[in-house]
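Worksheet: the structure to be examined is printed underneath.
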Number of protein chains: 2
Amino acid sequence: MPKTSSPASPGKRELQKEARRIAIIDAALEEFTAQGFTATKLDDVAERAGIGKGTIYLYFDSKESLFEEVVRRNLLGSEEMIENFISNFAGNTSELLAQHFHNMYLFTQNEKIPPLMAMVLGEGVRFPALSRFFHDEVIKPSQELMRRIIRRGVERGEFRVDAEEVYTQILIAPILLGALTKLQFGAFAPIDMADYSEKHIDCILRALKA
Amino acid sequence: MPKTSSPASPGKRELQKEARRIAIIDAALEEFTAQGFTATKLDDVAERAGIGKGTIYLYFDSKESLFEEVVRRNLLGSEEMIENFISNFAGNTSELLAQHFHNMYLFTQNEKIPPLMAMVLGEGVRFPALSRFFHDEVIKPSQELMRRIIRRGVERGEFRVDAEEVYTQILIAPILLGALTKLQFGAFAPIDMADYSEKHIDCILRALKA
DNA sequence: CGCAAGATTGACCCGTCAGTCAGTCAACGC
DNA sequence: GCGTTGACTGACTGACGGGTCAATCTTGCG
């Protein structure tokens, strides 16, 4: 079988390896999100990445660890960026909150994200390690950011004093459900996400306002 | 050829058949919710139901149609009951809404329900028919009930006039996310669902109040 | 060049199940 | 009883796909 990947890259093997690793993860993302974890065949992942199946095992221990890497690389947040955004925001907290939610909606608009979330929710139960990782690395930091914003609002007297006691899940839930609904039912029951997000943010502000 | 619908006709075999059908669905529910669709072995379903695997195929065409039956039997709502409840409610709409949400929280507290929801989310993408069914039979009716309650509130001047425009998903989302969160992360990050639901209902009422 | 080290490959191995079906068993009518 | 009918069974099959590894190719270096 002729080798095709010979062109160029006289450079380091190191670079090649890292590029290949990423190519595999990207291909796996495509397949996992399209087929789900169990239904995805590593043969297909390999084909999409333009390599042989065996090669996958040079980079990952198993299908499962590949899956974890896919989640890791694609859901791991840019928390620092958001943190800076929050710290440096000058306007009032309602605007800050609205902007932050807007950003989250943008994030979930990325077509790769909802299927990934659905997978983690749907198949996560059978991967406790992944579940834990997801909670610690994605859910918890995101909750803490939310809490910081709310605290800011309370301190400035913009939000009611017991606003901090509201579970951040309650506030965020519609974003996730919106993404999942669109994924599952969008084909026959489309949602106007712009309108949806606007109404959502409006509801939240009403619920938190002093 | 034996009697079809005449009352009090024991027809031993008939009864046996219906009982067996239900036994299979119940066993399948257990296995599906514990293992997920793909990971569930029909041998295990059969063993749990106390029958041979072949028998399953006397009652269902395939693993997939068995799955659909499981969903059908367990998520199909008691809409009429709820409808009566709403129609006959005497108090103000805030109380009605609170009560209705309370009921939904109770429903999701049933330990069988969250895994089922997670399955529909996780594997639903590969079963468009199921997705559609789920939307038409579960989501849509539930949204319509919600909308009726909100309309009642608006008509009585209890809710703001544009409350009807709020997407019912936004209001319901925290229930689903709460159930899923508890399922996925409850083991290491427990939630006080009573408190959670209370805060949730409080938020909603603030968001809708006139 | 030539060759060793390392990278890649895909045919193969092997366990796993969904689904089948020939044979067994139990109920019912007579 | 006894024969017919339908329910039930579980060993079997065929497809499938995760994971392996001996063979092959590529690269870097002397």
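Every chain in the structure tokens has a letter given in the order shown (A, B, ...), and although residue numbers restart at 1 in each chain, ligands are simply numbered from 1 in the order shown.
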Hey, which bits of chain D sit within 8 Å of range 2-18 of chain C, and for each residue what's the closest pair of atoms and how far apart in Å (one decimal), counting only C-alpha atoms (C1' of nucleotides), rows by chain and increasing number, as CSV?
```
residue,atom,partner,partner_atom,distance
D:DT24,C1',C:DT9,C1',7.8
D:DC25,C1',C:DT8,C1',7.4
D:DT26,C1',C:DA7,C1',7.4
```
Could you list, as a PyMOL selection string, every residue of chain A that has an atom within 9 Å of an atom of chain B, counting only C-alpha atoms?
chain A and resi 34-36+38-39+115+117-126+128+131-132+135+165-167+169-178+180-181+183-185+188-189+196+199-200+202-208
Same residues, N, CA and C atoms, output as a compact mmCIF listing (two decimals), in the first residue's frame:
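File selection09.txt, as written:
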```
# COMPACT_ATOMS: atom_id res chain seq x y z
N ALA A 34 -21.36 12.53 15.36
CA ALA A 34 -22.35 12.11 14.37
C ALA A 34 -22.99 10.76 14.73
N GLN A 35 -22.20 9.86 15.35
CA GLN A 35 -22.71 8.50 15.57
C GLN A 35 -22.95 8.17 17.03
N GLY A 36 -22.37 8.93 17.94
CA GLY A 36 -22.40 8.51 19.34
C GLY A 36 -21.20 7.62 19.64
N THR A 38 -20.67 4.55 21.22
CA THR A 38 -20.64 3.11 20.94
C THR A 38 -20.73 2.84 19.45
N ALA A 39 -21.53 3.63 18.75
CA ALA A 39 -21.74 3.36 17.34
C ALA A 39 -20.56 3.78 16.46
N PRO A 115 -23.87 18.20 20.18
CA PRO A 115 -23.73 16.75 20.16
C PRO A 115 -22.78 16.24 21.23
N MET A 117 -22.24 17.64 24.15
CA MET A 117 -22.94 17.69 25.42
C MET A 117 -23.92 16.54 25.53
N ALA A 118 -24.63 16.29 24.45
CA ALA A 118 -25.60 15.19 24.47
C ALA A 118 -24.89 13.88 24.78
N MET A 119 -23.72 13.71 24.20
CA MET A 119 -22.98 12.47 24.45
C MET A 119 -22.57 12.35 25.90
N VAL A 120 -22.03 13.44 26.42
CA VAL A 120 -21.58 13.38 27.81
C VAL A 120 -22.76 13.09 28.72
N LEU A 121 -23.88 13.73 28.43
CA LEU A 121 -25.07 13.48 29.26
C LEU A 121 -25.58 12.07 29.07
N GLY A 122 -25.63 11.65 27.82
CA GLY A 122 -26.26 10.37 27.52
C GLY A 122 -25.40 9.17 27.85
N GLU A 123 -24.13 9.25 27.55
CA GLU A 123 -23.28 8.08 27.76
C GLU A 123 -22.39 8.25 28.99
N GLY A 124 -22.40 9.46 29.54
CA GLY A 124 -21.51 9.75 30.65
C GLY A 124 -21.70 8.85 31.84
N VAL A 125 -22.93 8.39 32.04
CA VAL A 125 -23.19 7.59 33.23
C VAL A 125 -22.28 6.36 33.26
N ARG A 126 -21.97 5.86 32.08
CA ARG A 126 -21.13 4.65 32.06
C ARG A 126 -19.64 4.96 32.12
N PRO A 128 -17.73 6.99 34.67
CA PRO A 128 -17.69 7.83 35.87
C PRO A 128 -16.50 8.78 35.85
N SER A 131 -17.34 11.65 33.74
CA SER A 131 -18.36 12.43 34.41
C SER A 131 -17.72 13.35 35.42
N ARG A 132 -16.86 12.79 36.19
CA ARG A 132 -16.15 13.55 37.22
C ARG A 132 -15.32 14.66 36.59
N HIS A 135 -17.46 17.42 35.34
CA HIS A 135 -17.96 18.24 36.43
C HIS A 135 -16.88 19.18 36.95
N GLU A 165 -28.07 33.10 46.53
CA GLU A 165 -28.50 31.77 46.93
C GLU A 165 -29.13 30.97 45.79
N VAL A 166 -29.43 31.67 44.72
CA VAL A 166 -30.01 30.97 43.57
C VAL A 166 -28.96 30.05 42.96
N TYR A 167 -29.38 28.82 42.71
CA TYR A 167 -28.46 27.88 42.09
C TYR A 167 -28.11 28.36 40.69
N GLN A 169 -27.21 26.62 38.33
CA GLN A 169 -27.80 25.71 37.34
C GLN A 169 -29.14 26.21 36.83
N ILE A 170 -29.90 26.79 37.76
CA ILE A 170 -31.22 27.27 37.38
C ILE A 170 -31.11 28.33 36.30
N LEU A 171 -30.08 29.15 36.43
CA LEU A 171 -29.91 30.23 35.46
C LEU A 171 -29.39 29.73 34.13
N ILE A 172 -28.50 28.75 34.21
CA ILE A 172 -27.83 28.28 33.00
C ILE A 172 -28.65 27.25 32.23
N ALA A 173 -29.48 26.54 32.94
CA ALA A 173 -30.21 25.41 32.36
C ALA A 173 -30.83 25.71 30.99
N PRO A 174 -31.50 26.85 30.83
CA PRO A 174 -32.14 27.08 29.53
C PRO A 174 -31.15 27.11 28.36
N ILE A 175 -29.92 27.48 28.63
CA ILE A 175 -28.93 27.47 27.54
C ILE A 175 -28.71 26.05 27.07
N LEU A 176 -28.47 25.18 28.02
CA LEU A 176 -28.22 23.78 27.66
C LEU A 176 -29.44 23.15 27.01
N LEU A 177 -30.59 23.38 27.64
CA LEU A 177 -31.79 22.77 27.07
C LEU A 177 -32.07 23.32 25.69
N GLY A 178 -31.82 24.60 25.50
CA GLY A 178 -32.01 25.19 24.18
C GLY A 178 -31.14 24.49 23.15
N LEU A 180 -29.80 21.50 23.33
CA LEU A 180 -30.20 20.11 23.15
C LEU A 180 -31.50 20.02 22.36
N THR A 181 -32.43 20.91 22.66
CA THR A 181 -33.70 20.91 21.94
C THR A 181 -33.48 21.14 20.46
N LEU A 183 -30.84 20.54 18.80
CA LEU A 183 -30.18 19.36 18.24
C LEU A 183 -31.17 18.24 17.97
N GLN A 184 -32.03 17.99 18.95
CA GLN A 184 -32.92 16.84 18.87
C GLN A 184 -34.14 17.09 18.00
N PHE A 185 -34.71 18.28 18.16
CA PHE A 185 -36.01 18.52 17.54
C PHE A 185 -35.96 19.64 16.52
N PHE A 188 -37.69 19.42 12.97
CA PHE A 188 -39.12 19.55 12.72
C PHE A 188 -39.79 20.56 13.63
N ALA A 189 -39.04 21.13 14.57
CA ALA A 189 -39.62 22.16 15.43
C ALA A 189 -38.55 23.22 15.71
N TYR A 196 -35.04 33.39 21.65
CA TYR A 196 -35.01 32.56 22.85
C TYR A 196 -34.02 33.09 23.87
N LYS A 199 -35.16 36.37 25.51
CA LYS A 199 -36.20 36.17 26.52
C LYS A 199 -35.61 35.56 27.78
N HIS A 200 -34.70 34.66 27.57
CA HIS A 200 -34.07 33.99 28.70
C HIS A 200 -33.34 35.00 29.59
N ASP A 202 -33.73 38.14 29.74
CA ASP A 202 -34.73 39.03 30.34
C ASP A 202 -35.32 38.40 31.60
N CYS A 203 -35.68 37.11 31.51
CA CYS A 203 -36.24 36.41 32.66
C CYS A 203 -35.28 36.41 33.84
N ILE A 204 -34.04 36.10 33.53
CA ILE A 204 -33.04 36.02 34.59
C ILE A 204 -32.86 37.34 35.30
N LEU A 205 -32.79 38.40 34.51
CA LEU A 205 -32.58 39.71 35.12
C LEU A 205 -33.78 40.08 36.00
N ARG A 206 -34.96 39.76 35.53
CA ARG A 206 -36.14 40.03 36.36
C ARG A 206 -36.08 39.25 37.66
N ALA A 207 -35.57 38.02 37.55
CA ALA A 207 -35.55 37.17 38.75
C ALA A 207 -34.50 37.63 39.76
N LEU A 208 -33.46 38.29 39.26
CA LEU A 208 -32.36 38.66 40.16
C LEU A 208 -32.42 40.11 40.62
```
For chain B versus chain C, which residues have an atom no more than 8 Å away, and what is each residue's nearest atom pair and distance in Å rounded to one decimal, using only C-alpha atoms (C1' of nucleotides), chain-then-number order, as JSON lines?
```
{"residue": "B:Lys41", "atom": "CA", "partner": "C:DC17", "partner_atom": "C1'", "distance": 7.1}
{"residue": "B:Leu42", "atom": "CA", "partner": "C:DA18", "partner_atom": "C1'", "distance": 8.0}
{"residue": "B:Lys63", "atom": "CA", "partner": "C:DA18", "partner_atom": "C1'", "distance": 7.8}
```
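Every residue of range 135-176 of chain A found in alpha helix (DSSP H) when DSSP is run on the backbone appears here: Lys140, Pro141, Ser142, Gln143, Glu144, Leu145, Met146, Arg147, Arg148, Ile149, Ile150, Arg151, Arg152, Gly153, Val154, Glu155, Thr168, Gln169, Ile170, Leu171, Ile172, Ala173, Pro174, Ile175 and Leu176 of chain A.
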Limited to C-alpha atoms, could you put the picked residues into a file as a tab-separated table (two decimals), in the first residue's frame?
```
chain	number	residue	atom	x	y	z
A	140	LYS	CA	-17.74	23.81	38.45
A	141	PRO	CA	-15.57	26.59	36.98
A	142	SER	CA	-18.49	27.85	34.99
A	143	GLN	CA	-20.63	27.94	38.11
A	144	GLU	CA	-17.98	29.85	39.97
A	145	LEU	CA	-17.79	32.47	37.26
A	146	MET	CA	-21.54	32.89	37.39
A	147	ARG	CA	-21.43	33.23	41.12
A	148	ARG	CA	-18.81	35.94	40.88
A	149	ILE	CA	-20.99	37.94	38.55
A	150	ILE	CA	-23.97	37.62	40.82
A	151	ARG	CA	-21.92	38.62	43.83
A	152	ARG	CA	-20.79	41.70	41.94
A	153	GLY	CA	-24.40	42.57	41.28
A	154	VAL	CA	-25.36	42.09	44.90
A	155	GLU	CA	-22.45	44.14	46.16
A	168	THR	CA	-26.45	28.82	39.05
A	169	GLN	CA	-27.80	25.71	37.34
A	170	ILE	CA	-31.22	27.27	37.38
A	171	LEU	CA	-29.91	30.23	35.46
A	172	ILE	CA	-27.83	28.28	33.00
A	173	ALA	CA	-30.21	25.41	32.36
A	174	PRO	CA	-32.14	27.08	29.53
A	175	ILE	CA	-28.93	27.47	27.54
A	176	LEU	CA	-28.22	23.78	27.66
```
Could you work out which residues of chain D fall inside 8 Å of chain B? Count only C-alpha atoms (C1' of nucleotides), and format the result as an MDAnalysis selection string.
chainID D and resid 8:10
Writer output for current selection, C-alpha atoms (C1' of nucleotides), as a short mmCIF file (atom, residue, chain, number, x, y, z; two decimals), in the first residue's frame:
```cif
data_model
loop_
_atom_site.label_atom_id
_atom_site.label_comp_id
_atom_site.auth_asym_id
_atom_site.auth_seq_id
_atom_site.Cartn_x
_atom_site.Cartn_y
_atom_site.Cartn_z
"C1'" DC D 8 -41.65 -20.90 24.53
"C1'" DT D 9 -36.69 -21.99 24.41
"C1'" DG D 10 -31.68 -21.61 23.92
#
```
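When only C-alpha atoms are used to measure the gap to Arg160 in chain B, the shortest distance among B:Gln109, B:His100, B:Arg73, B:Ala210 belongs to B:Ala210.
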